[in-house]
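First the structure, in the form of structure tokens, and then the observations on it.
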Amino acid sequence: MSTGYDPPAERSGSALPGPRHSIDDELARPGTSPSVDTDSLYRRPGGPPPAAGFGSPAGPPPGPEPASAPPGYQPAAYPAPPYPLSAPPMSAVPMADPMVFGTARPPRRMAWPGIVALTLVVALAGLAGFQAYQIRDLQSRVVESDRKLADEQAADASRFNGIEERTGELETEAGKAFNPEAISDQVLPSVFRVAAGRFTGTAFAVGKPANGGGTNLFTNYHVVESVWDAGDREVFIERRDQRWPATIVKVDEGNDVAQLRTTSRFDGLTTAGSAAKSGQQIVVVGAPLGLEDTVTTGVISAIRKNEDGAGTVIQFDAPINPGNSGGPVINAAKQVVGIATAKARDAEGIGLAVPIKTACDVFKIC
């Protein structure tokens, strides 16, 4: 066993003070008898004393008596060291109960506030996780809905464009379809009754406005022939209860066409760019027997050679009568294809018209 270090104990002949010894050192020293009851050191507190002969001898140990200090010896005095030089005596160390030593203590139970707090934490964590899942799910649904909406809008736009294209095609086809009512609504405001002396007939505005203002009109030469031959140039155009003066500008006796001009402004009709063909449906507008705004319908029966002049004439089956002369013959596209000029005598359903191209080539006002 280790001992505390005491420098004066190293001096020769020094008995005290020296190293401090424990009871085990005294027991281990030969020829010595401990002054401490060793039984009390190893006996459980409160236990019975050991029997005689157990632990330590009943009498003094055998052997020589311990040496005593010489007479007159006085040990030197040394101050006490500031630190302990040995362990505390074994009697001061409490001994564990061998019956209890090493036995596991029962686990401490958690108090109910802690259990409640832990339960709340777990519940809140679960709720937060569930809400996070719902938010992600909602975001996914929103994104999917936006994508579907964009696809549907694109599809709707495509269908709408298709409908617009189809509508345009139908309108074009409808425009080509023969509609006498629509044709009449557009044409009638530009068609007039002509009063030329004792004769009446029909005239219609054509082309762009005349130079210096006013309107150019076509009619038949035989309608204004008496006025022209008399050297007069003034005739009148009438519509409903109104009357406007007009001047005979130029005539073409061979093709039976005359040009009139008035200072009033009227919308001119559009002339066809292509020649008329047999089978085309037509509308004839005029004032037969002075009955203005008369509309008849028919088809072009044939394109024939003009026996009284150069070029050709259009034969059609729409009914006409005296007073229709000079009226426009209109196709399904609301374009003028000819100028009604005569009907066959002693026959029905045979009318004749001068092709509009013939008139436009001569008068240059279309």
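Following the order of the structure tokens, chains are lettered A, B, ..., residues in each are numbered from 1, and ligands are numbered from 1.
The residues of stretch 172-234 of chain A that DSSP assigns to helix (DSSP H, G or I) on this backbone come out as Thr172, Glu173, Ala174, Gly175, Lys176, Pro180, Glu181, Ala182, Ile183, Ser184, Asp185, Gln186, Val187, Leu188, Pro189, Ser190, Tyr221, His222, Val223, Val224, Glu225, Ser226, Val227, Trp228 and Asp229 of chain A.
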Just the selected residues (C-alpha atoms), exported as a short mmCIF file (atom, residue, chain, number, x, y, z; two decimals), in the first residue's frame, please.
data_model
loop_
_atom_site.label_atom_id
_atom_site.label_comp_id
_atom_site.auth_asym_id
_atom_site.auth_seq_id
_atom_site.Cartn_x
_atom_site.Cartn_y
_atom_site.Cartn_z
CA THR A 172 -69.32 32.95 -99.88
CA GLU A 173 -71.49 30.08 -101.03
CA ALA A 174 -74.60 31.92 -99.90
CA GLY A 175 -73.44 34.93 -101.84
CA LYS A 176 -73.17 32.77 -104.89
CA PRO A 180 -83.89 37.30 -105.75
CA GLU A 181 -84.96 39.12 -102.60
CA ALA A 182 -81.41 40.05 -101.58
CA ILE A 183 -80.60 41.01 -105.17
CA SER A 184 -83.65 43.26 -105.38
CA ASP A 185 -82.89 44.99 -102.08
CA GLN A 186 -79.45 45.97 -103.33
CA VAL A 187 -80.33 46.81 -106.93
CA LEU A 188 -83.65 48.69 -106.77
CA PRO A 189 -82.32 52.02 -105.33
CA SER A 190 -80.13 52.39 -108.44
CA TYR A 221 -81.25 54.07 -127.53
CA HIS A 222 -84.81 53.43 -128.74
CA VAL A 223 -86.11 54.75 -125.36
CA VAL A 224 -84.60 58.26 -125.94
CA GLU A 225 -84.50 58.10 -129.76
CA SER A 226 -87.30 60.65 -130.31
CA VAL A 227 -85.67 63.23 -128.06
CA TRP A 228 -82.22 62.61 -129.61
CA ASP A 229 -83.56 62.87 -133.17
#
May I have the residues within 7 Å of stretch 267-277 of chain A as a list of chain:residue names, using only C-alpha atoms and disregarding those fewer than 4 positions away in the same chain?
A:Ser190, A:Ala205, A:Val206, A:Gly207, A:Lys208, A:Ile300, A:Gln335, A:Val336, A:Val337, A:Cys366
Restrict the selected residues to C-alpha atoms and save them as a CSV table (one decimal), in the first residue's frame.
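Dumped to out_10.csv:
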chain,number,residue,atom,x,y,z
A,190,SER,CA,-80.1,52.4,-108.4
A,205,ALA,CA,-76.8,54.0,-112.5
A,206,VAL,CA,-73.5,52.3,-113.3
A,207,GLY,CA,-69.9,52.6,-112.4
A,208,LYS,CA,-68.1,55.3,-110.5
A,300,ILE,CA,-80.1,32.7,-119.5
A,335,GLN,CA,-73.6,42.0,-110.9
A,336,VAL,CA,-75.0,43.4,-114.2
A,337,VAL,CA,-74.5,41.0,-117.1
A,366,CYS,CA,-68.2,51.0,-116.1
Fewer than 4 positions away in the same chain doesn't count, so skip those; otherwise give me all residues within 10 Å of A:Thr263, counting only C-alpha atoms, as a list of chain:residue names.
A:Pro209, A:Ala210, A:Gly212, A:Gly213, A:Gly214, A:Thr215, A:Asn216, A:Trp244, A:Pro245, A:Ala246, A:Thr247
Give me, as JSON, numbers by chain, all polymer residues having an atom no more than 7 Å from A:Gly298, counting only C-alpha atoms and skipping those fewer than 6 positions away in the same chain.
{"A": [281, 282, 283, 316, 317, 318]}
Considering only strand (DSSP E) as DSSP defines it on the backbone, what residues of stretch 229-366 of chain A qualify? List them as a ChimeraX atom specification.
/A:234-239,242-252,257-262,281-286,294-305,312-316,328-330,336-343,351-355
Shortest contact to A:Glu238, candidates A:Leu291, A:Ala359, A:Ile163, A:Ile303, atoms counted only C-alpha atoms, goes to A:Leu291
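Minimum distance to A:Arg240 across A:Val257, A:Asp293, A:Gln139, A:Asp252 (counting only C-alpha atoms) occurs at A:Asp293.
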Please list as a compact mmCIF listing (two decimals) with all heavy atoms, in the first residue's frame every residue within 7 Å of A:Ala353, counting only C-alpha atoms and excluding residues in the same chain fewer than 6 positions away.
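For reference, out-v6.txt as written:
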# COMPACT_ATOMS: atom_id res chain seq x y z
N VAL A 313 -76.03 38.70 -128.46
CA VAL A 313 -77.10 39.10 -127.55
C VAL A 313 -77.38 37.95 -126.60
O VAL A 313 -77.09 36.79 -126.90
CB VAL A 313 -78.39 39.48 -128.32
CG1 VAL A 313 -78.18 40.73 -129.15
CG2 VAL A 313 -78.86 38.32 -129.19
N ILE A 314 -77.92 38.32 -125.44
CA ILE A 314 -78.25 37.31 -124.42
C ILE A 314 -79.73 37.01 -124.52
O ILE A 314 -80.57 37.93 -124.49
CB ILE A 314 -77.91 37.84 -123.00
CG1 ILE A 314 -76.41 38.13 -122.88
CG2 ILE A 314 -78.35 36.84 -121.94
CD1 ILE A 314 -76.03 38.83 -121.58
N GLN A 315 -80.05 35.72 -124.65
CA GLN A 315 -81.45 35.31 -124.64
C GLN A 315 -81.79 34.77 -123.25
O GLN A 315 -81.07 33.95 -122.70
CB GLN A 315 -81.70 34.22 -125.68
CG GLN A 315 -83.14 33.71 -125.67
CD GLN A 315 -83.34 32.53 -126.60
OE1 GLN A 315 -82.59 32.36 -127.58
NE2 GLN A 315 -84.35 31.73 -126.32
N GLY A 338 -76.19 42.24 -118.40
CA GLY A 338 -76.75 42.72 -119.68
C GLY A 338 -77.76 43.82 -119.46
O GLY A 338 -78.13 44.16 -118.32
N ILE A 339 -78.19 44.43 -120.60
CA ILE A 339 -79.20 45.49 -120.61
C ILE A 339 -80.39 44.97 -121.43
O ILE A 339 -80.24 44.69 -122.64
CB ILE A 339 -78.65 46.78 -121.25
CG1 ILE A 339 -77.38 47.25 -120.53
CG2 ILE A 339 -79.70 47.88 -121.22
CD1 ILE A 339 -76.67 48.42 -121.23
N ALA A 340 -81.53 44.81 -120.74
CA ALA A 340 -82.73 44.29 -121.42
C ALA A 340 -83.12 45.24 -122.55
O ALA A 340 -83.20 46.46 -122.36
CB ALA A 340 -83.87 44.16 -120.42
N THR A 341 -83.37 44.67 -123.71
CA THR A 341 -83.64 45.53 -124.85
C THR A 341 -84.94 45.24 -125.59
O THR A 341 -85.56 46.16 -126.15
CB THR A 341 -82.46 45.47 -125.86
OG1 THR A 341 -82.68 46.40 -126.91
CG2 THR A 341 -82.28 44.09 -126.42
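Nearest residue to A:Phe192, choosing from A:Asn255, A:Gln134, A:Asn306, A:Ser325 and counting only C-alpha atoms: A:Ser325.
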Atom CA of A:Leu352 to atom CA of A:Gly311, straight-line distance in Å
13.2 Å
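Relative to atom CA of A:Phe236, atom CA of A:Asp308 is found at 28.2 Å.
Computed from the coordinates, the atom CA of A:Ile237 to atom CA of A:Asn220 distance equals 13.6 Å.
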